[in-house]
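Just below is one structure, and these are the notes that go with it.
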Amino acid sequence: METLERYTPNENLTREEAAWREANITWHSADIFLDVSDATDSEQETYLSQTTLRFTSKHNETFLDFIHAGIQEIELNGQMIAVDKAVLDSRIYLSDLDTSGVNVVTVTGRARYSRSGEGMHRYVDPQDQQTYLYTQFEPADARLVYACFEQPDLKTSFRFTVRGPESWHLASNQAAESQNIHEDGTKTVSFAPTLPISTYITTVLAGPYHVVRDEHRLPQKDGSELVIPMAFSCRATLAADFDAAELIKVTKQGLDYFHELFDYPYPWGKYDSAFVPEYNLGAMENPGLVTFTESYVFTSHATEAQHEQRANTIMHEMAHMWFGDLVTMKWWDDLWLKESFADYIGTLANDEGTDFKTAWTTFAARRKAWAYVADQMPTTHPIVADITDLQAADQNFDGITYAKGASVLKQLAAFVGAEAFRDAARAYFVKHEYSNTSLDDFLEALGAASGRDMSAWAQAWLRTSGVPRLSIELEYDDQEVITAARLVQRGTDPLTAEPIVRPHVLSIGGYVLREGKLVRELSERVELSGQSVALDFLVGTQAPDLLLPNDGDETYAVIEFDERSLSTLLTHLGSLTDSLPRATCWASLWDAVRAGSLPAQHYVAALLDHGSTVSDAGVFAVLMDQLLLSLNRYLAPELRQATRQRAAEVLVQWLGDLSAGSDNQTTTARTLARLARSGVGLQTVNSFLSSEPNSFAVQVDEQLLWLSWIAVAATGGLDEQNLAKMQAALEANPTATAQKSVRTALAARPDQAVKTQAFEEVLTAQDEHGALSNDALSSIAEGFNLGSRELLAGFEDRYWSEISGIFESMSMEFSTRIIRGLFPRSQELSEEPRKNPALFAVTSWLEENHAAPRALRRIMLEEQAELQRSLEAQLVSRQTARA
């Protein structure tokens, strides 16, 4: 790109355009003034945004990004320029730039309050009607709030000034420098300038937040102390449930851990943590002010797994203070340079730096499962992806970028050694602080620290796609003594059709049944550099009952068990008491169900026979999710009712057997309530709604209460009397959870008129009161989908005709929620899977819409793949049952 071209629509910045702008622009500073003092007025849809940017340019023209609600004036180098000539949609084109000095441009305009969680999100608390604001910008939504150069490799120093109600808590990346109180009941707070950062990690928080303050002191090498002020905030109505002491403890543990691990002092001054409503993510790593979903403020009984997951998120975002904020990728191709590292290092920190000691077990059960699903999609991609534009970047926050990358980094630490990995990170931060990097920069640091040429490793792991499958091939004699053994990796890169050949360093475990327990009797470290390697240590030994490749979950691969091991697992998995290998085995069995190599009924049987023996709350919760998925999507339709009935009976039995109030009893009760949407277990679920204590001493907290009401609604039990009871429960405690759940329950009723209304509300993102928020939209979509295929089938024709228009007219967040939320994924198998009407429809849509935006086609390709996989699994289930 040699010259600047104007075109419309222009919100989708391309990699080529970003590279051209980076080659010409040096951005020196940005002063941003935002006036949100009228945010409490629901009639006000916009607010004042004024930005002054200072930059030098090698070219006499450039453009700024600003998705605005109107621009009032633009001043460039002391001269007013015509708005109508400079502004084209979301771009402001600047000409006649000074190529020998600093250019100063001030843009004054209006920005929109958001209901989608993108930009400046506005939320009104249903309990006290107070208004809360926060920003969320990744990957490119700072331009929804202020004019800027919206790309990660143009860093600068930002100085925010915010005007809001005098009683509000106003915060940004840096601490406040000054505050002015105005006679009209508002105040203006000016914040200190940031160190050089990218636009996507700038942030503003404003509202009557409940705030708890503390500070942390870290010793420095020169004998001084680094003092880090901290503030923890949430909505005022959540204050009673805000366990700030635990949050402070975990945050301090993390700061201690990373201070030691990286040997680079925390650079961002303060460390605030804000828990905000209707958040689209788990959290965001804004330096100095990390934002988290307020789902991490537990209003119901929180299991150990939920506390561990929250701590893991805290560690993940803290790792970003170095990997991502201090050193940032040049473009979104290398998104993995921050997300994979934060996922790996965050889990490592949770395991080694906090009181949670099952972090890697949960990672194996949940995060890796996410990676395996994403990597078996037709939309799979290398960890280092090819991201041509911002729409593609927005879709790339997936299981490959996060969990596969983290799994590969765990394997890398095993490959080069933990100390070499640590030393490489330390050198990388020092050399590239406050700048932007690519893959080659980290490989250079890693090669220097390890003394290895990392190019072959990077090519094999980072630039290829697909999941390797590891298996052990055995030969026996008549006495079941092993005469030959090999570890083999199989798999084909779906993008190149080449065999997957990756280096693995892993351990192989051999387990024997002794006194009712599967006991590890051997463990050998193995290096696999090609397609296979001989396992001579097994030759001459009695075949163990279970051979487990990747026993320590060191590498990234799906395990395919030999016949003896598979039989052992299906009948004796409850006898495997070691946490990490048990999680690895469950995860591999689940992949076999999804792959169609293990009938769903066999997996469900193993789960119902052995699931209650799983003591890890995180793994147990994952298994309960998989139970429901198996019953609803992977089991042959004719087997579902009887299997669901048995599942309900087993879950009810577990309620009585498990300790009252325990994590697993809580999870079991919630699972039963979700299962009851299909009509089984309703008697027990109804007891959760009774004013009398239930016979299992189950604690009916907010979450279980509303899951139970949704089950009643979905099964047609929301008659006039029950509707009044549900509304009374909402009025008694009108929390955000209650509001969302009532939307789901009302949309779940098995009535054609109800479904028609819910479908229309989701499709238009509007209800009778006006525009829906992101969470409200998804809540209605969830309820709409709770219905029989006969009830929902009539809506599919309109769905297919509306997809393209929705994607073009709505934000990425809203369009994704609508298109995925209404996709008819819950299908029942006919005699021929490929003749399924929904599968035929999505396949036809893809064939007819080759020119659709890449991000939209990705959504539809993934939904098609999941639908086809579920139908093929149902076929395997049916064929097995008939055999």
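Chain labels follow the order of the structure tokens: the first chain is A, the next B, and so on; residue numbering restarts at 1 in every chain, and ligands are counted from 1 in their shown order.
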
Residue list (helix (DSSP H, G or I), DSSP) for segment 529-668 of chain A, as a PyMOL selection string: chain A and resi 536-538+563-575+579-595+600-613+617-634+637-657+663-668

What does the file look like for those residues with C-alpha atoms, as a compact mmCIF listing (two decimals), in the first residue's frame?
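What ended up in part_18.txt:
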# COMPACT_ATOMS: atom_id res chain seq x y z
CA ASP A 536 11.70 -51.13 25.05
CA PHE A 537 11.10 -50.67 28.78
CA LEU A 538 7.72 -52.41 28.33
CA GLU A 563 -8.37 -52.24 23.73
CA ARG A 564 -7.32 -53.54 27.16
CA SER A 565 -6.88 -50.04 28.59
CA LEU A 566 -10.22 -48.83 27.20
CA SER A 567 -12.03 -51.79 28.76
CA THR A 568 -10.32 -51.07 32.08
CA LEU A 569 -11.36 -47.42 32.02
CA LEU A 570 -15.00 -48.04 31.17
CA THR A 571 -15.36 -50.52 34.04
CA HIS A 572 -12.85 -49.28 36.62
CA LEU A 573 -12.27 -45.55 36.03
CA GLY A 574 -13.59 -44.85 39.49
CA SER A 575 -10.61 -46.82 40.82
CA SER A 579 -6.14 -36.43 40.05
CA LEU A 580 -4.25 -35.45 36.89
CA PRO A 581 -4.20 -38.83 35.08
CA ARG A 582 -7.85 -39.32 35.97
CA ALA A 583 -8.72 -35.99 34.34
CA THR A 584 -6.62 -36.94 31.29
CA CYS A 585 -8.50 -40.23 30.93
CA TRP A 586 -11.93 -38.62 31.21
CA ALA A 587 -10.93 -35.99 28.65
CA SER A 588 -9.74 -38.63 26.19
CA LEU A 589 -12.94 -40.64 26.56
CA TRP A 590 -14.97 -37.50 25.92
CA ASP A 591 -13.03 -36.81 22.75
CA ALA A 592 -13.78 -40.37 21.64
CA VAL A 593 -17.51 -39.67 22.07
CA ARG A 594 -17.25 -36.52 19.97
CA ALA A 595 -15.16 -38.37 17.38
CA ALA A 600 -22.40 -41.99 23.87
CA GLN A 601 -24.34 -44.55 25.91
CA HIS A 602 -21.08 -46.22 26.95
CA TYR A 603 -19.64 -42.91 28.11
CA VAL A 604 -22.84 -42.00 29.97
CA ALA A 605 -22.84 -45.39 31.67
CA ALA A 606 -19.22 -44.95 32.79
CA LEU A 607 -20.00 -41.46 34.01
CA LEU A 608 -23.05 -42.52 36.00
CA ASP A 609 -21.14 -45.50 37.44
CA HIS A 610 -17.95 -43.65 38.36
CA GLY A 611 -18.56 -39.90 38.22
CA SER A 612 -19.35 -39.55 41.91
CA THR A 613 -15.84 -40.80 42.77
CA ALA A 617 -14.77 -30.05 41.97
CA GLY A 618 -13.55 -28.59 38.66
CA VAL A 619 -13.37 -31.93 36.88
CA PHE A 620 -16.70 -33.01 38.37
CA ALA A 621 -18.37 -29.87 37.00
CA VAL A 622 -16.90 -30.56 33.55
CA LEU A 623 -18.22 -34.14 33.65
CA MET A 624 -21.71 -32.91 34.52
CA ASP A 625 -21.66 -30.58 31.52
CA GLN A 626 -20.57 -33.49 29.33
CA LEU A 627 -23.33 -35.69 30.73
CA LEU A 628 -25.95 -33.21 29.57
CA LEU A 629 -24.33 -32.77 26.18
CA SER A 630 -24.20 -36.53 25.71
CA LEU A 631 -27.87 -36.91 26.56
CA ASN A 632 -29.04 -33.96 24.46
CA ARG A 633 -26.82 -34.15 21.37
CA TYR A 634 -24.77 -37.33 21.04
CA PRO A 637 -32.96 -40.01 20.04
CA GLU A 638 -34.73 -43.31 20.81
CA LEU A 639 -32.37 -43.91 23.77
CA ARG A 640 -32.71 -40.49 25.35
CA GLN A 641 -35.81 -40.74 27.49
CA ALA A 642 -34.80 -43.94 29.27
CA THR A 643 -31.20 -42.77 29.70
CA ARG A 644 -32.30 -39.39 30.99
CA GLN A 645 -34.57 -41.13 33.48
CA ARG A 646 -31.69 -43.28 34.71
CA ALA A 647 -29.44 -40.21 34.90
CA ALA A 648 -32.03 -38.39 36.99
CA GLU A 649 -32.32 -41.36 39.34
CA VAL A 650 -28.55 -41.54 39.76
CA LEU A 651 -28.23 -37.80 40.37
CA VAL A 652 -30.97 -37.96 43.00
CA GLN A 653 -29.10 -40.82 44.64
CA TRP A 654 -25.90 -38.77 44.62
CA LEU A 655 -27.74 -35.91 46.33
CA GLY A 656 -28.34 -38.23 49.26
CA ASP A 657 -24.92 -39.86 49.23
CA ASP A 663 -19.28 -28.68 46.24
CA ASN A 664 -20.21 -31.85 44.39
CA GLN A 665 -23.66 -31.97 45.94
CA THR A 666 -24.19 -28.36 44.84
CA THR A 667 -23.07 -29.17 41.29
CA THR A 668 -25.24 -32.30 41.23

Residues of segment 684-801 of chain A that approach segment 236-244 of chain A to 12 Å or less, counting only C-alpha atoms: could you list each one with the shortest pair of atoms and its distance in Å to one decimal, rows by chain and increasing residue number, as JSON lines?
{"residue": "A:Asn733", "atom": "CA", "partner": "A:Thr237", "partner_atom": "CA", "distance": 10.8}
{"residue": "A:Pro734", "atom": "CA", "partner": "A:Thr237", "partner_atom": "CA", "distance": 10.5}
{"residue": "A:Thr735", "atom": "CA", "partner": "A:Thr237", "partner_atom": "CA", "distance": 8.5}
{"residue": "A:Ala736", "atom": "CA", "partner": "A:Thr237", "partner_atom": "CA", "distance": 10.1}
{"residue": "A:Thr737", "atom": "CA", "partner": "A:Leu238", "partner_atom": "CA", "distance": 11.6}

Pull all heavy atoms from the residues just selected and write them as a PDB file, in the first residue's frame.
ATOM      1  N   ASN A 733     -36.128 -10.198  45.314  1.00  0.00           N
ATOM      2  CA  ASN A 733     -34.671 -10.037  45.169  1.00  0.00           C
ATOM      3  C   ASN A 733     -34.354  -9.822  43.685  1.00  0.00           C
ATOM      4  O   ASN A 733     -33.890 -10.725  42.995  1.00  0.00           O
ATOM      5  CB  ASN A 733     -33.950 -11.281  45.693  1.00  0.00           C
ATOM      6  CG  ASN A 733     -32.468 -11.049  45.891  1.00  0.00           C
ATOM      7  OD1 ASN A 733     -32.018  -9.917  46.031  1.00  0.00           O
ATOM      8  ND2 ASN A 733     -31.694 -12.115  45.895  1.00  0.00           N
ATOM      9  N   PRO A 734     -34.577  -8.595  43.181  1.00  0.00           N
ATOM     10  CA  PRO A 734     -34.469  -8.336  41.736  1.00  0.00           C
ATOM     11  C   PRO A 734     -33.022  -8.156  41.269  1.00  0.00           C
ATOM     12  O   PRO A 734     -32.644  -7.111  40.730  1.00  0.00           O
ATOM     13  CB  PRO A 734     -35.274  -7.048  41.574  1.00  0.00           C
ATOM     14  CG  PRO A 734     -35.079  -6.323  42.866  1.00  0.00           C
ATOM     15  CD  PRO A 734     -35.025  -7.401  43.926  1.00  0.00           C
ATOM     16  N   THR A 735     -32.217  -9.185  41.455  1.00  0.00           N
ATOM     17  CA  THR A 735     -30.812  -9.113  41.073  1.00  0.00           C
ATOM     18  C   THR A 735     -30.647  -9.277  39.561  1.00  0.00           C
ATOM     19  O   THR A 735     -31.590  -9.626  38.847  1.00  0.00           O
ATOM     20  CB  THR A 735     -30.014 -10.213  41.772  1.00  0.00           C
ATOM     21  OG1 THR A 735     -30.474 -11.493  41.291  1.00  0.00           O
ATOM     22  CG2 THR A 735     -30.184 -10.155  43.273  1.00  0.00           C
ATOM     23  N   ALA A 736     -29.424  -9.074  39.087  1.00  0.00           N
ATOM     24  CA  ALA A 736     -29.130  -9.279  37.674  1.00  0.00           C
ATOM     25  C   ALA A 736     -29.375 -10.736  37.286  1.00  0.00           C
ATOM     26  O   ALA A 736     -29.923 -11.018  36.209  1.00  0.00           O
ATOM     27  CB  ALA A 736     -27.690  -8.872  37.380  1.00  0.00           C
ATOM     28  N   THR A 737     -28.970 -11.663  38.153  1.00  0.00           N
ATOM     29  CA  THR A 737     -29.198 -13.090  37.886  1.00  0.00           C
ATOM     30  C   THR A 737     -30.689 -13.386  37.777  1.00  0.00           C
ATOM     31  O   THR A 737     -31.122 -14.121  36.871  1.00  0.00           O
ATOM     32  CB  THR A 737     -28.576 -13.944  38.999  1.00  0.00           C
ATOM     33  OG1 THR A 737     -27.162 -13.733  39.019  1.00  0.00           O
ATOM     34  CG2 THR A 737     -28.866 -15.416  38.794  1.00  0.00           C
TER      35      THR A 737
END

Atom CA of Glu828 of chain A to atom CA of Leu792 of chain A, straight-line distance in Å: 12.5 Å

Two-atom distance - atom CA of Tyr402 of chain A, atom CA of Asp343 of chain A (Å): 6.2 Å

Residue nearest Ala753 of chain A among A:Gly794, A:Thr194, A:Gln129, A:Lys740 (counting only C-alpha atoms): A:Gly794

Between atom CA of Leu348 of chain A and atom CA of Tyr264 of chain A - distance in Å to one decimal: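 Computing the Euclidean distance for atom CA of Tyr264 of chain A and atom CA of Leu348 of chain A yields 17.7 Å.
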
Contacts of Ile819 of chain A within 7 Å, only C-alpha atoms, excl. fewer than 4 positions in-chain, as a PyMOL selection string: chain A and resi 803+815+823

Selected residues written out, N, CA and C atoms, as a PDB file, in the first residue's frame:
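Ended up saving to again17.pdb:
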ATOM      1  N   ILE A 803     -29.610 -13.989   8.233  1.00  0.00           N
ATOM      2  CA  ILE A 803     -28.248 -14.038   8.768  1.00  0.00           C
ATOM      3  C   ILE A 803     -27.366 -12.913   8.244  1.00  0.00           C
ATOM      4  N   SER A 815     -24.211  -9.493  16.680  1.00  0.00           N
ATOM      5  CA  SER A 815     -24.485 -10.386  15.560  1.00  0.00           C
ATOM      6  C   SER A 815     -24.038 -11.810  15.881  1.00  0.00           C
ATOM      7  N   PHE A 823     -29.105 -20.522  16.151  1.00  0.00           N
ATOM      8  CA  PHE A 823     -28.775 -21.625  15.249  1.00  0.00           C
ATOM      9  C   PHE A 823     -29.459 -22.913  15.729  1.00  0.00           C
TER      10      PHE A 823
END

Residue nearest Thr135 of chain A among A:Leu97, A:Ile74, A:Met284, A:Ile345 (counting only C-alpha atoms):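 Between A:Leu97, A:Ile74, A:Met284, A:Ile345, the residue approaching Thr135 of chain A most closely is A:Met284.
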